[in-house]
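Peer 1: Compact mmCIF, C-alpha atoms, saved as data-v2.txt, coming up:
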```
# COMPACT_ATOMS: atom_id res chain seq x y z
CA MET A 1 -9.86 48.66 -13.30
CA PRO A 2 -10.22 45.32 -11.48
CA LYS A 3 -10.05 45.36 -7.71
CA VAL A 4 -6.69 44.20 -6.37
CA VAL A 5 -7.12 41.52 -3.71
CA ASP A 6 -4.37 40.28 -1.41
CA PRO A 7 -3.69 36.77 -2.76
CA ARG A 8 -3.46 35.32 0.76
CA ILE A 9 -6.89 36.65 1.66
CA ARG A 10 -8.32 35.37 -1.62
CA ARG A 11 -6.80 31.94 -0.98
CA ARG A 12 -8.32 31.81 2.48
CA GLU A 13 -11.73 32.81 1.11
CA LEU A 14 -11.44 30.08 -1.48
CA ALA A 15 -10.41 27.55 1.16
CA GLU A 16 -13.52 28.42 3.14
CA ALA A 17 -15.72 28.15 0.05
CA VAL A 18 -14.26 24.73 -0.86
CA TRP A 19 -14.81 23.56 2.67
CA ARG A 20 -18.43 24.79 2.81
CA VAL A 21 -19.22 22.94 -0.43
CA VAL A 22 -17.51 19.74 0.75
CA ARG A 23 -19.28 19.73 4.09
CA ARG A 24 -22.69 20.66 2.70
CA ASP A 25 -22.77 18.68 -0.57
CA GLY A 26 -19.93 16.15 -0.39
CA LEU A 27 -16.63 16.21 -2.24
CA GLU A 28 -18.15 14.86 -5.46
CA HIS A 29 -19.96 18.21 -5.83
CA ALA A 30 -16.87 20.31 -5.17
CA SER A 31 -16.34 21.06 -8.85
CA VAL A 32 -14.52 24.20 -9.96
CA ARG A 33 -17.92 25.55 -11.10
CA ASN A 34 -19.64 25.00 -7.73
CA VAL A 35 -16.75 26.42 -5.74
CA ALA A 36 -16.75 29.49 -8.02
CA ARG A 37 -20.46 29.98 -7.35
CA GLU A 38 -19.97 29.53 -3.58
CA ALA A 39 -17.09 32.01 -3.52
CA ARG A 40 -19.04 34.42 -5.82
CA LEU A 41 -16.17 34.43 -8.28
CA SER A 42 -16.08 33.80 -12.02
CA MET A 43 -14.78 30.49 -13.33
CA GLY A 44 -11.97 32.54 -14.92
CA SER A 45 -10.81 33.97 -11.58
CA LEU A 46 -11.00 30.59 -9.95
CA ARG A 47 -8.88 28.96 -12.65
CA HIS A 48 -6.13 31.32 -11.59
CA TYR A 49 -5.98 29.33 -8.32
CA PHE A 50 -6.72 25.84 -9.55
CA ALA A 51 -6.66 25.00 -13.23
CA SER A 52 -8.35 21.62 -12.85
CA GLN A 53 -10.48 19.43 -10.60
CA SER A 54 -7.25 17.66 -9.58
CA GLU A 55 -5.73 20.92 -8.36
CA LEU A 56 -8.91 21.76 -6.49
CA MET A 57 -8.77 18.38 -4.75
CA ALA A 58 -5.10 18.87 -3.90
CA PHE A 59 -6.03 22.24 -2.42
CA ALA A 60 -8.83 20.61 -0.37
CA LEU A 61 -6.42 17.94 0.89
CA ARG A 62 -3.88 20.59 1.91
CA LEU A 63 -6.65 22.21 3.97
CA VAL A 64 -7.33 18.88 5.66
CA ILE A 65 -3.66 18.27 6.44
CA ASP A 66 -3.16 21.82 7.77
CA GLY A 67 -6.23 21.53 10.03
CA ILE A 68 -5.13 18.18 11.46
CA GLU A 69 -1.57 19.42 12.02
CA GLN A 70 -2.85 22.47 13.88
CA ARG A 71 -5.09 20.38 16.13
CA ILE A 72 -2.31 17.91 16.91
CA ALA A 73 0.13 20.74 17.65
CA ALA A 74 -2.43 22.15 20.12
CA LEU A 75 -2.72 18.89 22.09
CA PRO A 76 -1.12 18.86 25.56
CA SER A 77 2.39 17.45 25.14
CA ASP A 78 2.81 16.14 28.66
CA GLY A 79 1.19 13.09 30.22
CA ASP A 80 1.05 9.39 29.55
CA PRO A 81 2.30 8.39 26.05
CA ARG A 82 -0.68 6.09 25.53
CA GLN A 83 -3.13 8.86 26.34
CA ARG A 84 -1.29 11.16 23.96
CA ALA A 85 -1.35 8.48 21.26
CA ALA A 86 -5.12 8.04 21.74
CA ARG A 87 -5.61 11.81 21.39
CA VAL A 88 -3.46 12.08 18.26
CA LEU A 89 -5.21 9.13 16.61
CA ALA A 90 -8.61 10.61 17.54
CA GLU A 91 -7.72 13.71 15.48
CA LEU A 92 -7.22 11.45 12.46
CA LEU A 93 -10.45 9.47 12.76
CA PRO A 94 -13.94 10.59 11.62
CA LEU A 95 -15.36 11.08 15.12
CA ASP A 96 -17.41 14.24 14.44
CA ASP A 97 -18.77 16.19 11.45
CA GLN A 98 -15.55 18.12 10.86
CA ARG A 99 -13.41 14.99 10.90
CA ARG A 100 -15.98 13.10 8.81
CA ALA A 101 -15.66 15.75 6.10
CA GLU A 102 -11.86 15.55 6.33
CA ASN A 103 -12.02 11.78 6.04
CA GLU A 104 -14.28 12.01 3.01
CA VAL A 105 -11.75 14.29 1.31
CA TRP A 106 -8.89 11.93 2.17
CA LEU A 107 -10.70 8.83 0.88
CA ALA A 108 -11.88 10.51 -2.32
CA PHE A 109 -8.40 11.86 -2.86
CA THR A 110 -6.78 8.44 -2.37
CA ALA A 111 -9.27 6.81 -4.75
CA ARG A 112 -8.72 9.45 -7.41
CA ALA A 113 -4.94 9.22 -7.05
CA MET A 114 -5.16 5.57 -8.15
CA THR A 115 -5.90 6.81 -11.69
CA ASP A 116 -4.68 10.44 -11.63
CA PRO A 117 -0.87 10.66 -11.63
CA GLU A 118 -1.04 14.41 -10.79
CA LEU A 119 -2.31 13.56 -7.31
CA ARG A 120 0.15 10.82 -6.43
CA ALA A 121 2.93 12.95 -4.99
CA LEU A 122 0.58 14.56 -2.48
CA ARG A 123 -1.09 11.25 -1.64
CA ASP A 124 2.33 9.71 -1.02
CA GLU A 125 3.23 12.69 1.15
CA GLY A 126 0.08 12.09 3.22
CA TYR A 127 0.91 8.39 3.50
CA ASP A 128 4.51 9.11 4.57
CA MET A 129 3.34 11.67 7.13
CA LEU A 130 0.89 9.20 8.66
CA ARG A 131 3.44 6.38 8.68
CA ALA A 132 6.00 8.65 10.35
CA GLY A 133 3.37 9.72 12.88
CA CYS A 134 2.55 6.09 13.69
CA ARG A 135 6.26 5.35 14.00
CA GLY A 136 6.58 8.17 16.53
CA LEU A 137 3.60 7.00 18.59
CA VAL A 138 4.72 3.37 18.52
CA ALA A 139 8.27 4.26 19.59
CA GLY A 140 6.98 5.74 22.84
CA LEU A 141 4.74 2.77 23.59
CA ILE A 142 5.91 -0.64 22.49
CA GLY A 143 6.74 -3.42 24.88
CA PRO A 144 9.83 -5.69 24.72
CA GLY A 145 10.42 -7.82 21.63
CA ARG A 146 8.21 -5.78 19.31
CA ASP A 147 9.49 -4.63 15.92
CA PRO A 148 8.93 -0.84 15.70
CA GLU A 149 8.58 -0.72 11.91
CA ARG A 150 6.13 -3.60 11.78
CA GLU A 151 4.07 -2.13 14.61
CA ALA A 152 4.02 1.25 12.84
CA ALA A 153 2.75 -0.49 9.67
CA ARG A 154 0.12 -2.33 11.71
CA LEU A 155 -1.12 0.79 13.51
CA HIS A 156 -1.17 2.75 10.24
CA ALA A 157 -3.20 0.02 8.48
CA LEU A 158 -5.59 -0.23 11.42
CA LEU A 159 -6.10 3.54 11.37
CA ASP A 160 -6.79 3.70 7.62
CA GLY A 161 -9.05 0.64 7.77
CA LEU A 162 -11.09 2.14 10.60
CA ALA A 163 -11.40 5.41 8.67
CA VAL A 164 -12.76 3.56 5.61
CA HIS A 165 -15.19 1.53 7.72
CA ALA A 166 -16.47 4.59 9.57
CA ALA A 167 -17.23 6.20 6.20
CA VAL A 168 -18.88 3.07 4.76
CA ARG A 169 -20.82 1.89 7.81
CA PRO A 170 -21.19 4.71 10.31
CA ASP A 171 -24.07 2.78 11.92
CA VAL A 172 -21.81 -0.19 12.79
CA ASP A 173 -18.38 1.41 13.07
CA THR A 174 -19.50 4.25 15.33
CA PRO A 175 -17.18 6.77 17.00
CA ASP A 176 -17.40 4.79 20.26
CA ALA A 177 -16.55 1.53 18.49
CA LEU A 178 -13.54 3.18 16.82
CA ARG A 179 -12.29 4.61 20.10
CA ALA A 180 -12.64 1.22 21.82
CA VAL A 181 -10.64 -0.57 19.10
CA ILE A 182 -7.89 2.04 19.25
CA ALA A 183 -7.78 1.88 23.07
CA ASP A 184 -7.45 -1.93 22.95
CA HIS A 185 -4.72 -1.72 20.36
CA LEU A 186 -2.70 0.86 22.29
CA SER A 187 -2.98 -1.16 25.52
CA GLU A 188 -1.77 -4.19 23.67
CA LEU A 189 1.25 -2.43 22.16
CA ARG A 190 2.68 -1.97 25.65
CA ALA A 191 2.66 -5.71 26.40
CA PRO A 192 5.71 -7.82 25.48
CA ARG A 193 5.41 -9.51 22.11
CA THR A 194 3.90 -13.00 22.21
CA THR A 195 6.79 -15.27 21.29
CA ASP A 196 5.38 -18.19 19.29
CA ALA A 197 6.75 -18.42 15.76
CA PRO A 198 4.68 -16.62 13.11
CA THR A 199 2.63 -18.72 10.71
CA ARG A 200 3.52 -18.49 7.03
CA SER A 201 1.16 -19.29 4.22
CA MET B 1 -31.02 -14.91 -38.27
CA PRO B 2 -28.79 -14.07 -35.28
CA LYS B 3 -26.85 -16.90 -33.75
CA VAL B 4 -28.43 -18.16 -30.50
CA VAL B 5 -25.87 -18.34 -27.71
CA ASP B 6 -26.39 -20.05 -24.38
CA PRO B 7 -26.61 -17.10 -21.95
CA ARG B 8 -24.44 -18.87 -19.36
CA ILE B 9 -21.65 -19.35 -21.90
CA ARG B 10 -21.97 -15.73 -23.04
CA ARG B 11 -21.80 -14.53 -19.44
CA ARG B 12 -18.66 -16.56 -18.81
CA GLU B 13 -17.04 -15.18 -21.99
CA LEU B 14 -17.90 -11.68 -20.83
CA ALA B 15 -16.53 -12.36 -17.37
CA GLU B 16 -13.25 -13.44 -18.94
CA ALA B 17 -13.17 -10.37 -21.18
CA VAL B 18 -13.81 -8.03 -18.23
CA TRP B 19 -11.08 -9.73 -16.29
CA ARG B 20 -8.54 -9.54 -19.15
CA VAL B 21 -9.18 -5.80 -19.52
CA VAL B 22 -8.93 -5.18 -15.75
CA ARG B 23 -5.68 -7.11 -15.42
CA ARG B 24 -4.08 -5.67 -18.54
CA ASP B 25 -5.25 -2.03 -18.42
CA GLY B 26 -6.64 -1.43 -14.93
CA LEU B 27 -10.25 -1.07 -13.87
CA GLU B 28 -10.47 2.55 -15.00
CA HIS B 29 -10.23 1.29 -18.59
CA ALA B 30 -12.87 -1.40 -18.16
CA SER B 31 -15.55 0.69 -19.87
CA VAL B 32 -18.50 -0.96 -21.58
CA ARG B 33 -16.87 0.02 -24.91
CA ASN B 34 -13.51 -1.60 -24.13
CA VAL B 35 -15.06 -4.77 -22.79
CA ALA B 36 -17.23 -4.99 -25.93
CA ARG B 37 -14.11 -4.71 -28.08
CA GLU B 38 -12.26 -7.31 -25.99
CA ALA B 39 -15.20 -9.75 -26.19
CA ARG B 40 -15.66 -8.97 -29.93
CA LEU B 41 -19.28 -8.01 -29.33
CA SER B 42 -21.23 -4.93 -30.32
CA MET B 43 -22.02 -2.30 -27.67
CA GLY B 44 -25.67 -3.22 -28.24
CA SER B 45 -25.15 -6.87 -27.32
CA LEU B 46 -23.10 -5.93 -24.30
CA ARG B 47 -25.77 -3.57 -23.00
CA HIS B 48 -28.01 -6.60 -22.79
CA TYR B 49 -25.73 -7.81 -19.95
CA PHE B 50 -24.83 -4.54 -18.29
CA ALA B 51 -26.67 -1.36 -19.09
CA SER B 52 -24.16 0.95 -17.41
CA GLN B 53 -20.61 1.27 -16.11
CA SER B 54 -22.04 0.68 -12.61
CA GLU B 55 -23.51 -2.67 -13.65
CA LEU B 56 -20.24 -3.63 -15.30
CA MET B 57 -18.39 -2.86 -12.07
CA ALA B 58 -20.92 -4.84 -10.05
CA PHE B 59 -20.35 -7.73 -12.45
CA ALA B 60 -16.56 -7.42 -12.00
CA LEU B 61 -16.93 -7.39 -8.22
CA ARG B 62 -19.12 -10.50 -8.33
CA LEU B 63 -16.30 -12.21 -10.25
CA VAL B 64 -13.85 -11.20 -7.53
CA ILE B 65 -16.11 -12.46 -4.73
CA ASP B 66 -16.77 -15.77 -6.53
CA GLY B 67 -13.06 -16.34 -7.13
CA ILE B 68 -12.14 -15.64 -3.51
CA GLU B 69 -14.95 -17.85 -2.20
CA GLN B 70 -13.81 -20.73 -4.41
CA ARG B 71 -10.21 -20.43 -3.24
CA ILE B 72 -11.21 -20.27 0.42
CA ALA B 73 -13.54 -23.28 0.00
CA ALA B 74 -10.59 -25.21 -1.48
CA LEU B 75 -8.30 -24.56 1.52
CA PRO B 76 -7.60 -27.53 3.79
CA SER B 77 -10.16 -27.35 6.60
CA ASP B 78 -8.16 -29.26 9.20
CA GLY B 79 -5.16 -28.05 11.15
CA ASP B 80 -4.32 -25.24 13.52
CA PRO B 81 -6.96 -22.42 13.55
CA ARG B 82 -4.27 -19.77 13.37
CA GLN B 83 -2.71 -21.35 10.32
CA ARG B 84 -6.13 -21.57 8.71
CA ALA B 85 -6.81 -17.90 9.56
CA ALA B 86 -3.48 -16.91 7.99
CA ARG B 87 -4.38 -18.84 4.82
CA VAL B 88 -7.87 -17.33 4.58
CA LEU B 89 -6.57 -13.79 5.10
CA ALA B 90 -3.84 -14.41 2.51
CA GLU B 91 -6.57 -15.08 -0.07
CA LEU B 92 -7.98 -11.61 0.65
CA LEU B 93 -4.72 -9.67 0.43
CA PRO B 94 -2.97 -8.51 -2.77
CA LEU B 95 -0.06 -10.96 -2.54
CA ASP B 96 0.23 -11.80 -6.26
CA ASP B 97 -0.95 -10.43 -9.64
CA GLN B 98 -4.34 -12.13 -9.47
CA ARG B 99 -5.07 -10.85 -5.99
CA ARG B 100 -3.68 -7.40 -6.86
CA ALA B 101 -6.21 -7.15 -9.69
CA GLU B 102 -8.98 -8.31 -7.34
CA ASN B 103 -7.91 -5.73 -4.78
CA GLU B 104 -7.92 -3.00 -7.41
CA VAL B 105 -11.50 -3.90 -8.34
CA TRP B 106 -12.55 -3.90 -4.69
CA LEU B 107 -10.96 -0.51 -3.94
CA ALA B 108 -12.32 1.13 -7.09
CA PHE B 109 -15.73 -0.32 -6.35
CA THR B 110 -15.70 0.96 -2.75
CA ALA B 111 -14.62 4.42 -3.87
CA ARG B 112 -17.31 4.59 -6.55
CA ALA B 113 -19.98 3.35 -4.15
CA MET B 114 -19.35 6.48 -2.03
CA THR B 115 -21.10 8.51 -4.75
CA ASP B 116 -23.08 5.89 -6.70
CA PRO B 117 -26.11 4.63 -4.75
CA GLU B 118 -26.60 1.76 -7.25
CA LEU B 119 -23.42 0.12 -5.96
CA ARG B 120 -24.05 0.45 -2.25
CA ALA B 121 -26.03 -2.74 -1.67
CA LEU B 122 -23.28 -4.88 -3.17
CA ARG B 123 -20.54 -2.96 -1.36
CA ASP B 124 -22.41 -3.47 1.92
CA GLU B 125 -22.78 -7.15 1.11
CA GLY B 126 -19.00 -7.38 0.60
CA TYR B 127 -18.40 -5.54 3.88
CA ASP B 128 -20.83 -7.82 5.78
CA MET B 129 -19.24 -10.92 4.28
CA LEU B 130 -15.75 -9.80 5.32
CA ARG B 131 -16.91 -8.82 8.80
CA ALA B 132 -18.63 -12.20 9.22
CA GLY B 133 -15.49 -13.94 7.97
CA CYS B 134 -13.35 -12.05 10.49
CA ARG B 135 -15.85 -12.90 13.22
CA GLY B 136 -15.50 -16.60 12.35
CA LEU B 137 -11.71 -16.51 12.35
CA VAL B 138 -11.56 -14.55 15.61
CA ALA B 139 -14.00 -16.92 17.35
CA GLY B 140 -11.60 -19.81 16.85
CA LEU B 141 -8.58 -17.88 18.05
CA ILE B 142 -9.11 -15.30 20.77
CA GLY B 143 -7.64 -15.60 24.22
CA PRO B 144 -9.47 -14.97 27.51
CA GLY B 145 -11.03 -11.57 28.19
CA ARG B 146 -11.17 -10.49 24.55
CA ASP B 147 -14.39 -9.09 23.08
CA PRO B 148 -15.19 -11.11 19.91
CA GLU B 149 -17.05 -8.30 18.13
CA ARG B 150 -14.38 -5.72 18.82
CA GLU B 151 -11.62 -8.10 17.72
CA ALA B 152 -13.55 -8.87 14.53
CA ALA B 153 -13.82 -5.12 13.83
CA ARG B 154 -10.09 -4.71 14.53
CA LEU B 155 -9.04 -7.59 12.26
CA HIS B 156 -11.38 -6.39 9.51
CA ALA B 157 -9.99 -2.82 9.70
CA LEU B 158 -6.42 -4.13 9.71
CA LEU B 159 -7.16 -6.27 6.64
CA ASP B 160 -8.74 -3.42 4.66
CA GLY B 161 -6.02 -0.99 5.71
CA LEU B 162 -3.28 -3.39 4.59
CA ALA B 163 -5.07 -3.90 1.26
CA VAL B 164 -5.18 -0.13 0.65
CA HIS B 165 -1.52 0.28 1.62
CA ALA B 166 -0.39 -2.58 -0.60
CA ALA B 167 -2.14 -0.88 -3.52
CA VAL B 168 -0.75 2.57 -2.71
CA ARG B 169 2.80 1.64 -1.74
CA PRO B 170 3.66 -1.83 -3.01
CA ASP B 171 7.36 -0.98 -2.57
CA VAL B 172 6.96 -0.42 1.21
CA ASP B 173 3.97 -2.62 2.05
CA THR B 174 5.28 -5.69 0.24
CA PRO B 175 3.65 -9.14 0.34
CA ASP B 176 6.22 -10.25 2.95
CA ALA B 177 5.52 -7.19 5.13
CA LEU B 178 1.76 -7.87 4.92
CA ARG B 179 2.20 -11.52 5.87
CA ALA B 180 4.41 -10.58 8.83
CA VAL B 181 1.87 -8.06 10.18
CA ILE B 182 -0.97 -10.58 9.85
CA ALA B 183 1.12 -13.30 11.53
CA ASP B 184 1.91 -10.97 14.46
CA HIS B 185 -1.71 -10.00 14.80
CA LEU B 186 -2.97 -13.59 14.80
CA SER B 187 -0.37 -14.62 17.40
CA GLU B 188 -1.46 -11.75 19.57
CA LEU B 189 -5.16 -12.63 19.37
CA ARG B 190 -4.46 -15.86 21.21
CA ALA B 191 -2.95 -14.09 24.21
CA PRO B 192 -5.21 -13.01 27.10
CA ARG B 193 -6.37 -9.42 26.85
CA THR B 194 -4.13 -6.90 28.61
CA THR B 195 -6.22 -5.70 31.51
CA ASP B 196 -5.37 -2.04 32.11
CA ALA B 197 -8.30 0.33 31.65
CA PRO B 198 -8.70 1.75 28.15
CA THR B 199 -7.80 5.38 27.55
CA ARG B 200 -10.61 7.69 26.42
CA SER B 201 -10.10 10.91 24.58
```
Could you render the structure as structure tokens?
Peer 2:
Amino acid sequence: MPKVVDPRIRRRELAEAVWRVVRRDGLEHASVRNVAREARLSMGSLRHYFASQSELMAFALRLVIDGIEQRIAALPSDGDPRQRAARVLAELLPLDDQRRAENEVWLAFTARAMTDPELRALRDEGYDMLRAGCRGLVAGLIGPGRDPEREAARLHALLDGLAVHAAVRPDVDTPDALRAVIADHLSELRAPRTTDAPTRS
Amino acid sequence: MPKVVDPRIRRRELAEAVWRVVRRDGLEHASVRNVAREARLSMGSLRHYFASQSELMAFALRLVIDGIEQRIAALPSDGDPRQRAARVLAELLPLDDQRRAENEVWLAFTARAMTDPELRALRDEGYDMLRAGCRGLVAGLIGPGRDPEREAARLHALLDGLAVHAAVRPDVDTPDALRAVIADHLSELRAPRTTDAPTRS
């Protein structure tokens, strides 16, 4: 008779196995086969949890989102809004090994979602969450005359661009460089908007 | 006896075939097989030009870079530096079908280069070119107290982040929204740097 395992415990074991493979070998090696080997389970058992590579990636992305949410929830909620914004954004940028692995999952997921319709709903959820987060941070910060929605779009684009650059060129776009750019940007958001008419092309 | 074809003409025909496939079907369908069919050539002849999918993608990216460089070279070189910056950046953003296809190639190429070492040199070349371009635009624009290298990194990250968002959510991050964010950012670069100490986390 097969051993009965609490599905929540099994899921957590799998999550840890996925995460070990991603951190050690990179997401491209987090195939259903390799995760099965890492978790010491058969391919058959694993397919009960994720039937495809797409589902495995969605599972990995959920782990990333849960981890980030927990860290942000644990941040001190008092204090200067700019300092809080800098701390929240730091949780989203690849500033250490853990966050680099999370970023790698996010970028690989986004790339794959361009051609895999199964992944789009979750990618869009991630995008909406980040945009809403930026909107919240901007609302507490912006100086007179600034458009909250446009500033949220700008901060969100800056954040995603920095994350890509840190993955592509960690030697140039170092953690310190990322922090400095974010600090500049947040300082600037508090100033009144410069009033000259925008250029159109 | 096989027909002798001028290799430059053949290369241009192939470039056009690659581009037709990318624009019509998306980059994920620009396999060596599909490009061969589009160009009415055998797989064998095509392999003379690109031996692998990686080489085909490198070829497609070269087409993108050449096209962008030609358009930027054709821009009026006189006039206000901010207006020129807005025009240059507009050539790099997915504001119409042509530039959307170019952006798709760039994003797919960047994603693939994460796991395909053959593509890294060209990806890094693209990154360096864009960073140098941002450095040039920033140099002509920035107000007192601003760090040119940090502002170049910020503009470059903003540009790449906007390009990703426009691909992911064209309904939210529309061409007009992109232009407005870029216009705001360029206006801001001309203002003196806000002087309060940066926040560290």
Peer 1: Tell me the residues of chain B close to chain A, meaning within 7 Å using only C-alpha atoms, as a PyMOL selection string.
Peer 2: chain B and resi 83+86-87+108+111+150+154+157-158+160-162+181+183-184+187-188+194+198-199+201
Peer 1: So how far away is CA of Leu41 (chain A) from CA of Glu55 (chain A), in Å?
Peer 2: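 Those two atoms sit 17.1 Å apart.
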Peer 1: Between CA of Ile68 (chain A) and CA of Trp106 (chain B), what distance in Å does the model show, to one decimal?
Peer 2: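 A separation of 28.3 Å between them.
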Peer 1: Figure out the distance between CA of Asp97 (chain A) and CA of Arg10 (chain A), please, to one decimal in Å.
Peer 2: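 CA of Arg10 (chain A) sits 25.5 Å away from CA of Asp97 (chain A).
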Peer 1: Hey, which of A:Pro170, A:Leu141, A:Ala39, A:Gly136 ends up closest to Arg12 (chain A)? Count only C-alpha atoms.
Peer 2: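 With only C-alpha atoms as the atom set, the closest residue is A:Ala39.
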Peer 1: Would you kindly identify which residues have an atom no farther than 10 Å from (-18.6, -6.9, -12.2), using all atoms listed in the file and the file's own coordinates, and write them out as a list in words?
Peer 2: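 In the file's frame, the residues around the point are Leu14, Ala15, Val18, Trp19, Ala30, Phe50, Gln53, Ser54, Glu55, Leu56, Met57, Ala58, Phe59, Ala60, Leu61, Arg62, Leu63, Val64, Ile65, Val105 and Phe109 of chain B.
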Peer 1: What lies within 12 Å of Ser45 (chain A) using all atoms listed in the file, ignoring chain neighbours under 4 positions off, as a VMD selection string?
Peer 2: chain A and resid 2 5 7 10 to 11 14 32 to 33 35 to 37 39 to 41 49 to 51
Peer 1: Keeping C-alpha atoms for every residue in the selection just given, could you write it to a file as a compact mmCIF listing (two decimals), in the frame of the given file?
Peer 2:
```
# COMPACT_ATOMS: atom_id res chain seq x y z
CA PRO A 2 -10.22 45.32 -11.48
CA VAL A 5 -7.12 41.52 -3.71
CA PRO A 7 -3.69 36.77 -2.76
CA ARG A 10 -8.32 35.37 -1.62
CA ARG A 11 -6.80 31.94 -0.98
CA LEU A 14 -11.44 30.08 -1.48
CA VAL A 32 -14.52 24.20 -9.96
CA ARG A 33 -17.92 25.55 -11.10
CA VAL A 35 -16.75 26.42 -5.74
CA ALA A 36 -16.75 29.49 -8.02
CA ARG A 37 -20.46 29.98 -7.35
CA ALA A 39 -17.09 32.01 -3.52
CA ARG A 40 -19.04 34.42 -5.82
CA LEU A 41 -16.17 34.43 -8.28
CA TYR A 49 -5.98 29.33 -8.32
CA PHE A 50 -6.72 25.84 -9.55
CA ALA A 51 -6.66 25.00 -13.23
```
Peer 1: Pick out the closest residue to Arg47 (chain B) from this set: B:Asp78, B:Ala132, B:Ser31, B:Ala73. Count only C-alpha atoms.
Peer 2: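 Going through B:Asp78, B:Ala132, B:Ser31, B:Ala73 one by one, the smallest distance to Arg47 (chain B) is for B:Ser31.
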Peer 1: Complete the atoms of region 80-92 of chain A to N, CA and C atoms and put them out as a PDB file, in the frame of the given file.
Peer 2:
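Okay, part35.pdb is ready:
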```pdb
ATOM      1  N   ASP A  80       0.832  10.764  29.942  1.00  0.00           N
ATOM      2  CA  ASP A  80       1.050   9.390  29.550  1.00  0.00           C
ATOM      3  C   ASP A  80       1.133   9.237  28.031  1.00  0.00           C
ATOM      4  N   PRO A  81       2.159   8.528  27.512  1.00  0.00           N
ATOM      5  CA  PRO A  81       2.300   8.390  26.050  1.00  0.00           C
ATOM      6  C   PRO A  81       1.102   7.687  25.401  1.00  0.00           C
ATOM      7  N   ARG A  82       0.462   6.786  26.132  1.00  0.00           N
ATOM      8  CA  ARG A  82      -0.680   6.090  25.530  1.00  0.00           C
ATOM      9  C   ARG A  82      -1.873   7.031  25.386  1.00  0.00           C
ATOM     10  N   GLN A  83      -2.048   7.893  26.408  1.00  0.00           N
ATOM     11  CA  GLN A  83      -3.130   8.860  26.340  1.00  0.00           C
ATOM     12  C   GLN A  83      -2.890   9.846  25.194  1.00  0.00           C
ATOM     13  N   ARG A  84      -1.619  10.258  25.060  1.00  0.00           N
ATOM     14  CA  ARG A  84      -1.290  11.160  23.960  1.00  0.00           C
ATOM     15  C   ARG A  84      -1.553  10.472  22.618  1.00  0.00           C
ATOM     16  N   ALA A  85      -1.134   9.212  22.505  1.00  0.00           N
ATOM     17  CA  ALA A  85      -1.350   8.480  21.260  1.00  0.00           C
ATOM     18  C   ALA A  85      -2.851   8.414  20.939  1.00  0.00           C
ATOM     19  N   ALA A  86      -3.670   8.124  21.965  1.00  0.00           N
ATOM     20  CA  ALA A  86      -5.120   8.040  21.740  1.00  0.00           C
ATOM     21  C   ALA A  86      -5.660   9.386  21.260  1.00  0.00           C
ATOM     22  N   ARG A  87      -5.133  10.482  21.810  1.00  0.00           N
ATOM     23  CA  ARG A  87      -5.610  11.810  21.390  1.00  0.00           C
ATOM     24  C   ARG A  87      -5.192  12.132  19.962  1.00  0.00           C
ATOM     25  N   VAL A  88      -3.942  11.808  19.630  1.00  0.00           N
ATOM     26  CA  VAL A  88      -3.460  12.080  18.260  1.00  0.00           C
ATOM     27  C   VAL A  88      -4.285  11.271  17.258  1.00  0.00           C
ATOM     28  N   LEU A  89      -4.468   9.984  17.544  1.00  0.00           N
ATOM     29  CA  LEU A  89      -5.210   9.130  16.610  1.00  0.00           C
ATOM     30  C   LEU A  89      -6.664   9.601  16.478  1.00  0.00           C
ATOM     31  N   ALA A  90      -7.237  10.108  17.591  1.00  0.00           N
ATOM     32  CA  ALA A  90      -8.610  10.610  17.540  1.00  0.00           C
ATOM     33  C   ALA A  90      -8.731  11.796  16.577  1.00  0.00           C
ATOM     34  N   GLU A  91      -7.663  12.579  16.433  1.00  0.00           N
ATOM     35  CA  GLU A  91      -7.720  13.710  15.480  1.00  0.00           C
ATOM     36  C   GLU A  91      -7.740  13.228  14.041  1.00  0.00           C
ATOM     37  N   LEU A  92      -7.311  11.986  13.828  1.00  0.00           N
ATOM     38  CA  LEU A  92      -7.220  11.450  12.460  1.00  0.00           C
ATOM     39  C   LEU A  92      -8.429  10.603  12.078  1.00  0.00           C
TER      40      LEU A  92
END
```
